[in-house]
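S.K.: Attaching a single structure in C-alpha cells format; questions to follow.
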Amino acid sequence: MTSDINLELAAGKRFEFGKNWSRFLTTVNDNRILEAERSLKEMLGVSDLAGKTWLDIGSGSGLFSLAARRLGARVYSFDYDPDSVACTTLLRSRFFPDDPEWKVEQGSVLNPEYLKSLGKFDVVYSWGVLHHTGQMWNAIENAAIPVAPGGKLFIAIYNDQGLRSDIWLKIKQLYCSGSLGRNFILAVFIPYFFTRSLLKCIVTGKNVFKNYKKERGMSIYYDWVDWLGGLPFEVSTPRKIIEFLNARGFTLTTKHTTRSLGNNQFIFIKSDV
C-alpha cells in the first residue's frame with residue numbers, strides 16, 4: 001500500500017496529505033479540539049457520543065477521531081496515507097495513551113473486503129476524503145458498508161462547479177507536478193487567498209481567520225494548501241450524492257451545501273431493514 005502511494009506521488013497523481021496534516025498538528029490546542037467537538041455535536045444534533053461506535057474513514061490529522069473519543073465514542077480510525085496514520089496515532093498517544101477504545105491503522109476505503117471486516121458502526125464519518133481516492137463513487141459505496149442498521153453516514157464531498165472545478169483540477173495537477181509547479185502555485189494563490197480573506201474582514205467587519213477556526217477547529221492556511229494540492233480530485237452535485245445513497249437504503253437527514261468552493265455536507269441514516 002505504501003509503495004503504491006510513493007508511485008502516485010512520484011507520478012504527480014497524489015498530494016502529500018499526511019505531511020500537510022503533520023504540520024497542522026503543531027497548531028492543535030484545546031480551543032481547536034473544543035471547536036471540533038462542538039461542530040460534531042451541532043451537525044449530529046447530540047450532546048455526546050457516549051455508548052456509540054465511530055468509524056473515521058480517512059482520519060487525516062486525527063482531530064475528529066480525537067473529538068469523537070472525547071465525546072464518549074468507541075473509535076476506529078484508518079487512513080490510506082501512512083503519514084496521516086502517524087498523525088492520528090500521535091494524537092491518540094498524546095490524549096488517550098494505550099486506550100483500548102480507540103484503534104488506529106492503515107487501510108483503504110477502496111477495499112470492500114477490508115470494510116466488511118471492520119464490523120458495523122453507529123456513525124461512519126468521512127469528511128472531505130472520498131473525493132480524494134481517485135474512485136469517488138466506489139469509495140462512497142464502500143463507506144456505506146460498515147454503517148449499522150439505523151446508523152449514520154456523515155460525509156462531505158466537493159461541490160461540482162462545472163468549468164471552475166475543471167480549472168481547479170488543472171491547478172492541482174500543476175501543484176503536484178514537482179517542486180517548480182508547487183512553488184509557483186503557492187506563490188500565486190496563497191497571497192491571493194490571504195488578500196481576498198483580508199478584504200472580506202474589512203467589508204464585513206468580521207475576523208475571517210479567527211472565525212474559520214471556530215467552524216471546525218481547522219487551520220485556514222493548511223486547508224488552503226490542501227485545497228491547492230489535493231489530488232486525486234473529484235466533485236459531485238448534492239442531487240447525485242443523495243440519489244446514489246437513496247438507492248442503497250439511506251435517507252438524508254441533514255444537508256449543508258455551498259454554492260462555491262468547498263464541501264457539501266450530508267448525514268444519512270441507514271434503513272433498519
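Chain lettering (A, B, ...) mirrors the order of the C-alpha cells, residue numbering begins at 1 for each chain separately, and ligand numbering begins at 1 in order of display.
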Could you list, as a list in words, every residue within 7 Å of segment 103-116 of chain A, counting only C-alpha atoms and ignoring same-chain residues fewer than 2 positions away?
M.R.: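 These residues fall inside the cut-off: Val75, Tyr76, Ser77, Phe78, Asp79, Tyr80, Pro82, Val85, Thr89, Pro100, Glu101, Leu118, Gly119, Asn138, Ala139, Asn142, Ala143, Ile145 and Pro146 of chain A.
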S.K.: I'd like the neighbourhood of segment 214-217 of chain A as a list of chain:residue names, where a residue qualifies if any of its atoms comes within 6 Å (using only C-alpha atoms), though same-chain residues fewer than 3 positions away should be ignored.
M.R.: A:Arg32, A:Glu35, A:Ala36, A:Ser39, A:Asn211
S.K.: At a cut-off of 9 Å, using only C-alpha atoms, what residues contact segment 239-245 of chain A? Leave out same-chain residues fewer than 3 positions from it and give the result as a list in words.
M.R.: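 The filter keeps Trp137, Ile140, Glu141, Ala144, Ile157, Ser236, Arg248, Gly249, Phe250, Thr251, Leu252, Phe266 and Phe268 of chain A.
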S.K.: Could those residues be written to a file, using C-alpha atoms, as a PDB file, in the first residue's frame?
M.R.:
```
ATOM      1  CA  TRP A 137     -18.297   6.551  -6.274  1.00  0.00           C
ATOM      2  CA  ILE A 140     -18.887   6.229  -1.227  1.00  0.00           C
ATOM      3  CA  GLU A 141     -20.417   2.813  -1.843  1.00  0.00           C
ATOM      4  CA  ALA A 144     -21.750   2.670   3.361  1.00  0.00           C
ATOM      5  CA  ILE A 157     -17.880  15.907  -0.817  1.00  0.00           C
ATOM      6  CA  SER A 236     -20.431  15.979  -7.331  1.00  0.00           C
ATOM      7  CA  ARG A 248     -28.660   1.958  -1.353  1.00  0.00           C
ATOM      8  CA  GLY A 249     -31.127   2.224   1.511  1.00  0.00           C
ATOM      9  CA  PHE A 250     -30.050   5.547   3.034  1.00  0.00           C
ATOM     10  CA  THR A 251     -32.271   8.510   3.884  1.00  0.00           C
ATOM     11  CA  LEU A 252     -30.926  12.050   4.068  1.00  0.00           C
ATOM     12  CA  PHE A 266     -24.525  15.204   4.321  1.00  0.00           C
ATOM     13  CA  PHE A 268     -27.758   9.879   6.034  1.00  0.00           C
TER      14      PHE A 268
END
```
S.K.: Taking only residues of segment 37-90 of chain A that have an atom at most 9 Å from an atom of segment 3-23 of chain A, what is each one's shortest atom pair and its distance in Å to one decimal, using only C-alpha atoms, in chain and number order, as JSON lines?
M.R.:
```
{"residue": "A:Gly60", "atom": "CA", "partner": "A:Trp21", "partner_atom": "CA", "distance": 6.4}
{"residue": "A:Ser61", "atom": "CA", "partner": "A:Trp21", "partner_atom": "CA", "distance": 5.0}
{"residue": "A:Gly62", "atom": "CA", "partner": "A:Trp21", "partner_atom": "CA", "distance": 8.8}
{"residue": "A:Tyr80", "atom": "CA", "partner": "A:Ile5", "partner_atom": "CA", "distance": 8.4}
{"residue": "A:Asp81", "atom": "CA", "partner": "A:Gly18", "partner_atom": "CA", "distance": 6.1}
{"residue": "A:Pro82", "atom": "CA", "partner": "A:Gly18", "partner_atom": "CA", "distance": 7.1}
{"residue": "A:Asp83", "atom": "CA", "partner": "A:Gly18", "partner_atom": "CA", "distance": 4.4}
{"residue": "A:Ser84", "atom": "CA", "partner": "A:Gly18", "partner_atom": "CA", "distance": 4.1}
{"residue": "A:Val85", "atom": "CA", "partner": "A:Gly18", "partner_atom": "CA", "distance": 7.8}
{"residue": "A:Ala86", "atom": "CA", "partner": "A:Gly18", "partner_atom": "CA", "distance": 8.1}
{"residue": "A:Cys87", "atom": "CA", "partner": "A:Ser22", "partner_atom": "CA", "distance": 5.9}
```
S.K.: Got a sec: who's within 12 Å of Gly151 of chain A, counting only C-alpha atoms, leaving out chain neighbours fewer than 4 positions off, as number ranges by chain?
M.R.: A: 44, 52-55, 120-125, 144-147, 249-253, 267-273
S.K.: Let me see the file: selected residues, C-alpha atoms, as a PDB file, in the first residue's frame.
M.R.:
```
ATOM      1  CA  LEU A  44     -25.239  15.389  14.544  1.00  0.00           C
ATOM      2  CA  LYS A  52     -21.694   4.916  20.270  1.00  0.00           C
ATOM      3  CA  THR A  53     -19.228   3.324  17.881  1.00  0.00           C
ATOM      4  CA  TRP A  54     -17.455   5.662  15.445  1.00  0.00           C
ATOM      5  CA  LEU A  55     -15.551   4.781  12.278  1.00  0.00           C
ATOM      6  CA  LYS A 120     -20.837  -2.278  11.977  1.00  0.00           C
ATOM      7  CA  PHE A 121     -20.751   1.227  13.445  1.00  0.00           C
ATOM      8  CA  ASP A 122     -23.300   3.692  14.759  1.00  0.00           C
ATOM      9  CA  VAL A 123     -21.574   6.546  12.909  1.00  0.00           C
ATOM     10  CA  VAL A 124     -19.345   6.275   9.855  1.00  0.00           C
ATOM     11  CA  TYR A 125     -17.571   9.587   9.322  1.00  0.00           C
ATOM     12  CA  ALA A 144     -21.750   2.670   3.361  1.00  0.00           C
ATOM     13  CA  ILE A 145     -20.821  -0.958   4.074  1.00  0.00           C
ATOM     14  CA  PRO A 146     -19.943  -0.635   7.805  1.00  0.00           C
ATOM     15  CA  VAL A 147     -22.944   1.543   8.713  1.00  0.00           C
ATOM     16  CA  GLY A 249     -31.127   2.224   1.511  1.00  0.00           C
ATOM     17  CA  PHE A 250     -30.050   5.547   3.034  1.00  0.00           C
ATOM     18  CA  THR A 251     -32.271   8.510   3.884  1.00  0.00           C
ATOM     19  CA  LEU A 252     -30.926  12.050   4.068  1.00  0.00           C
ATOM     20  CA  THR A 253     -31.470  13.749   7.434  1.00  0.00           C
ATOM     21  CA  ILE A 267     -25.790  12.951   7.071  1.00  0.00           C
ATOM     22  CA  PHE A 268     -27.758   9.879   6.034  1.00  0.00           C
ATOM     23  CA  ILE A 269     -29.484   7.233   8.141  1.00  0.00           C
ATOM     24  CA  LYS A 270     -29.384   3.620   7.011  1.00  0.00           C
ATOM     25  CA  SER A 271     -32.709   1.809   6.941  1.00  0.00           C
ATOM     26  CA  ASP A 272     -33.300  -0.803   9.663  1.00  0.00           C
ATOM     27  CA  VAL A 273     -34.050  -3.469   7.063  1.00  0.00           C
TER      28      VAL A 273
END
```
S.K.: To one decimal place in Å, what is the distance between atom CA of Gly72 of chain A and atom CA of Tyr222 of chain A?
M.R.: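 Atom CA of Tyr222 of chain A lies 27.9 Å from atom CA of Gly72 of chain A.
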S.K.: So that I can see what lies close to Ser126 of chain A, please list as a VMD selection string the residues with an atom at most 9 Å from it, counting only C-alpha atoms and leaving out residues fewer than 3 positions away in the same chain.
M.R.: chain A and resid 55 to 59 129 to 130 143 153 to 156
S.K.: Selected residues, N, CA and C atoms, written as a PDB file, in the first residue's frame, please.
M.R.:
```pdb
ATOM      1  N   LEU A  55     -16.580   5.146  13.243  1.00  0.00           N
ATOM      2  CA  LEU A  55     -15.551   4.781  12.278  1.00  0.00           C
ATOM      3  C   LEU A  55     -15.143   6.032  11.523  1.00  0.00           C
ATOM      4  N   ASP A  56     -13.856   6.371  11.590  1.00  0.00           N
ATOM      5  CA  ASP A  56     -13.317   7.538  10.901  1.00  0.00           C
ATOM      6  C   ASP A  56     -12.547   7.061   9.671  1.00  0.00           C
ATOM      7  N   ILE A  57     -13.162   7.232   8.496  1.00  0.00           N
ATOM      8  CA  ILE A  57     -12.545   6.812   7.239  1.00  0.00           C
ATOM      9  C   ILE A  57     -11.715   7.970   6.695  1.00  0.00           C
ATOM     10  N   GLY A  58     -10.402   7.765   6.637  1.00  0.00           N
ATOM     11  CA  GLY A  58      -9.517   8.851   6.222  1.00  0.00           C
ATOM     12  C   GLY A  58      -9.342   9.834   7.355  1.00  0.00           C
ATOM     13  N   SER A  59      -8.755   9.376   8.437  1.00  0.00           N
ATOM     14  CA  SER A  59      -8.719  10.157   9.681  1.00  0.00           C
ATOM     15  C   SER A  59      -7.823  11.391   9.597  1.00  0.00           C
ATOM     16  N   VAL A 129     -12.863  13.331   2.228  1.00  0.00           N
ATOM     17  CA  VAL A 129     -11.899  12.254   1.979  1.00  0.00           C
ATOM     18  C   VAL A 129     -12.215  11.470   0.707  1.00  0.00           C
ATOM     19  N   LEU A 130     -13.454  11.090   0.541  1.00  0.00           N
ATOM     20  CA  LEU A 130     -13.824  10.136  -0.504  1.00  0.00           C
ATOM     21  C   LEU A 130     -13.576  10.671  -1.906  1.00  0.00           C
ATOM     22  N   ALA A 143     -17.935   3.058   1.767  1.00  0.00           N
ATOM     23  CA  ALA A 143     -18.107   3.712   3.069  1.00  0.00           C
ATOM     24  C   ALA A 143     -19.448   3.373   3.691  1.00  0.00           C
ATOM     25  N   LEU A 153     -24.346   7.826   8.282  1.00  0.00           N
ATOM     26  CA  LEU A 153     -23.214   8.040   7.394  1.00  0.00           C
ATOM     27  C   LEU A 153     -23.044   9.546   7.230  1.00  0.00           C
ATOM     28  N   PHE A 154     -21.917  10.066   7.680  1.00  0.00           N
ATOM     29  CA  PHE A 154     -21.637  11.503   7.698  1.00  0.00           C
ATOM     30  C   PHE A 154     -20.475  11.760   6.743  1.00  0.00           C
ATOM     31  N   ILE A 155     -20.770  12.363   5.587  1.00  0.00           N
ATOM     32  CA  ILE A 155     -19.736  12.585   4.586  1.00  0.00           C
ATOM     33  C   ILE A 155     -19.752  14.033   4.106  1.00  0.00           C
ATOM     34  N   ALA A 156     -18.626  14.466   3.566  1.00  0.00           N
ATOM     35  CA  ALA A 156     -18.516  15.779   2.933  1.00  0.00           C
ATOM     36  C   ALA A 156     -17.789  15.596   1.614  1.00  0.00           C
TER      37      ALA A 156
END
```
S.K.: Looking at A:Ile202, A:Val235, A:Leu71, A:Val28, which one is nearest to Leu163 of chain A, with distances taken over only C-alpha atoms?
M.R.: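 Among A:Ile202, A:Val235, A:Leu71, A:Val28, it is A:Val235 that comes nearest to Leu163 of chain A.
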S.K.: Kindly give the distance, in Å, that separates atom CA of Gly134 of chain A and atom CA of Phe233 of chain A, rounded to a single decimal.
M.R.: 6.8 Å
S.K.: List every residue of segment 55-97 of chain A that DSSP, applied to the backbone of this structure, assigns to helix (DSSP H, G or I), and report them as a PyMOL selection string.
M.R.: chain A and resi 63-70+82-95
S.K.: Could you write out that same residue set with N, CA and C atoms as an mmCIF file, in the first residue's frame?
M.R.:
```cif
data_model
loop_
_atom_site.group_PDB
_atom_site.id
_atom_site.type_symbol
_atom_site.label_atom_id
_atom_site.label_comp_id
_atom_site.auth_asym_id
_atom_site.auth_seq_id
_atom_site.Cartn_x
_atom_site.Cartn_y
_atom_site.Cartn_z
ATOM 1 N N LEU A 63 -7.830 14.752 14.320
ATOM 2 C CA LEU A 63 -8.541 15.692 15.185
ATOM 3 C C LEU A 63 -9.983 15.258 15.451
ATOM 4 N N PHE A 64 -10.670 14.769 14.435
ATOM 5 C CA PHE A 64 -12.077 14.432 14.639
ATOM 6 C C PHE A 64 -12.254 13.040 15.248
ATOM 7 N N SER A 65 -11.279 12.182 15.077
ATOM 8 C CA SER A 65 -11.274 10.940 15.850
ATOM 9 C C SER A 65 -11.112 11.270 17.328
ATOM 10 N N LEU A 66 -10.202 12.195 17.608
ATOM 11 C CA LEU A 66 -9.995 12.630 18.996
ATOM 12 C C LEU A 66 -11.266 13.259 19.552
ATOM 13 N N ALA A 67 -11.906 14.120 18.777
ATOM 14 C CA ALA A 67 -13.138 14.766 19.234
ATOM 15 C C ALA A 67 -14.215 13.736 19.535
ATOM 16 N N ALA A 68 -14.368 12.756 18.653
ATOM 17 C CA ALA A 68 -15.377 11.715 18.866
ATOM 18 C C ALA A 68 -15.063 10.897 20.117
ATOM 19 N N ARG A 69 -13.786 10.605 20.334
ATOM 20 C CA ARG A 69 -13.405 9.819 21.523
ATOM 21 C C ARG A 69 -13.667 10.622 22.789
ATOM 22 N N ARG A 70 -13.348 11.913 22.770
ATOM 23 C CA ARG A 70 -13.592 12.764 23.943
ATOM 24 C C ARG A 70 -15.092 12.913 24.223
ATOM 25 N N PRO A 82 0.228 6.721 5.099
ATOM 26 C CA PRO A 82 0.919 6.352 6.344
ATOM 27 C C PRO A 82 1.275 7.551 7.216
ATOM 28 N N ASP A 83 1.511 8.714 6.605
ATOM 29 C CA ASP A 83 1.802 9.906 7.402
ATOM 30 C C ASP A 83 0.559 10.374 8.154
ATOM 31 N N SER A 84 -0.610 10.204 7.550
ATOM 32 C CA SER A 84 -1.857 10.528 8.246
ATOM 33 C C SER A 84 -2.105 9.550 9.391
ATOM 34 N N VAL A 85 -1.801 8.286 9.165
ATOM 35 C CA VAL A 85 -1.921 7.296 10.240
ATOM 36 C C VAL A 85 -1.016 7.693 11.406
ATOM 37 N N ALA A 86 0.186 8.159 11.079
ATOM 38 C CA ALA A 86 1.127 8.592 12.121
ATOM 39 C C ALA A 86 0.575 9.792 12.888
ATOM 40 N N CYS A 87 -0.090 10.711 12.183
ATOM 41 C CA CYS A 87 -0.682 11.877 12.854
ATOM 42 C C CYS A 87 -1.766 11.448 13.840
ATOM 43 N N THR A 88 -2.665 10.580 13.381
ATOM 44 C CA THR A 88 -3.743 10.104 14.257
ATOM 45 C C THR A 88 -3.182 9.338 15.443
ATOM 46 N N THR A 89 -2.160 8.523 15.184
ATOM 47 C CA THR A 89 -1.518 7.763 16.259
ATOM 48 C C THR A 89 -0.890 8.695 17.284
ATOM 49 N N LEU A 90 -0.301 9.784 16.792
ATOM 50 C CA LEU A 90 0.324 10.755 17.697
ATOM 51 C C LEU A 90 -0.719 11.400 18.611
ATOM 52 N N LEU A 91 -1.858 11.808 18.044
ATOM 53 C CA LEU A 91 -2.902 12.406 18.880
ATOM 54 C C LEU A 91 -3.444 11.395 19.884
ATOM 55 N N ARG A 92 -3.609 10.172 19.442
ATOM 56 C CA ARG A 92 -4.089 9.130 20.362
ATOM 57 C C ARG A 92 -3.103 8.941 21.511
ATOM 58 N N SER A 93 -1.805 8.880 21.202
ATOM 59 C CA SER A 93 -0.808 8.667 22.258
ATOM 60 C C SER A 93 -0.720 9.870 23.184
ATOM 61 N N ARG A 94 -1.024 11.050 22.655
ATOM 62 C CA ARG A 94 -0.942 12.259 23.458
ATOM 63 C C ARG A 94 -2.124 12.399 24.415
ATOM 64 N N PHE A 95 -3.318 12.041 23.948
ATOM 65 C CA PHE A 95 -4.519 12.284 24.747
ATOM 66 C C PHE A 95 -5.162 11.016 25.312
#
```
S.K.: Atom CA of Phe189 of chain A and atom CA of Trp224 of chain A, how far apart in Å?
M.R.: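 Computing the Euclidean distance for atom CA of Trp224 of chain A and atom CA of Phe189 of chain A yields 8.7 Å.
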S.K.: Among the residues of segment 24-189 of chain A, find those DSSP assigns to strand (DSSP E or B) from the backbone and print them as an MDAnalysis selection string.
M.R.: chainID A and resid 53:57 74:79 102:106 121:127 147:159
S.K.: Would you save the residues from that selection as a short mmCIF file (atom, residue, chain, number, x, y, z; two decimals), in the first residue's frame, using C-alpha atoms?
M.R.:
```cif
data_model
loop_
_atom_site.label_atom_id
_atom_site.label_comp_id
_atom_site.auth_asym_id
_atom_site.auth_seq_id
_atom_site.Cartn_x
_atom_site.Cartn_y
_atom_site.Cartn_z
CA THR A 53 -19.23 3.32 17.88
CA TRP A 54 -17.46 5.66 15.45
CA LEU A 55 -15.55 4.78 12.28
CA ASP A 56 -13.32 7.54 10.90
CA ILE A 57 -12.55 6.81 7.24
CA ARG A 74 -15.50 3.96 20.82
CA VAL A 75 -13.37 4.97 17.85
CA TYR A 76 -11.82 3.10 14.94
CA SER A 77 -9.62 5.27 12.69
CA PHE A 78 -7.92 4.39 9.45
CA ASP A 79 -6.24 6.21 6.58
CA TRP A 102 -9.54 3.82 20.11
CA LYS A 103 -7.85 1.81 17.36
CA VAL A 104 -5.73 3.35 14.59
CA GLU A 105 -4.43 1.59 11.48
CA GLN A 106 -3.64 1.92 7.78
CA PHE A 121 -20.75 1.23 13.44
CA ASP A 122 -23.30 3.69 14.76
CA VAL A 123 -21.57 6.55 12.91
CA VAL A 124 -19.34 6.27 9.85
CA TYR A 125 -17.57 9.59 9.32
CA SER A 126 -15.59 10.61 6.24
CA TRP A 127 -15.23 14.37 5.89
CA VAL A 147 -22.94 1.54 8.71
CA ALA A 148 -25.15 -0.34 11.18
CA PRO A 149 -28.91 -0.56 10.55
CA GLY A 150 -30.28 2.72 11.89
CA GLY A 151 -26.75 4.13 11.92
CA LYS A 152 -25.50 7.35 10.34
CA LEU A 153 -23.21 8.04 7.39
CA PHE A 154 -21.64 11.50 7.70
CA ILE A 155 -19.74 12.58 4.59
CA ALA A 156 -18.52 15.78 2.93
CA ILE A 157 -17.88 15.91 -0.82
CA TYR A 158 -16.50 18.70 -3.00
CA ASN A 159 -19.17 20.73 -4.76
#
```
S.K.: Report as an MDAnalysis selection string all protein, DNA and RNA residues lying within 8 Å of Leu186 of chain A, evaluated on only C-alpha atoms, omitting residues in the same chain fewer than 4 positions from it.
M.R.: chainID A and resid 182 190 225 228
S.K.: Would you mind telling me which residue in A:Gly45, A:Gly230, A:Gly205, A:Gly181 lies nearest to His132 of chain A when using only C-alpha atoms?
M.R.: A:Gly230
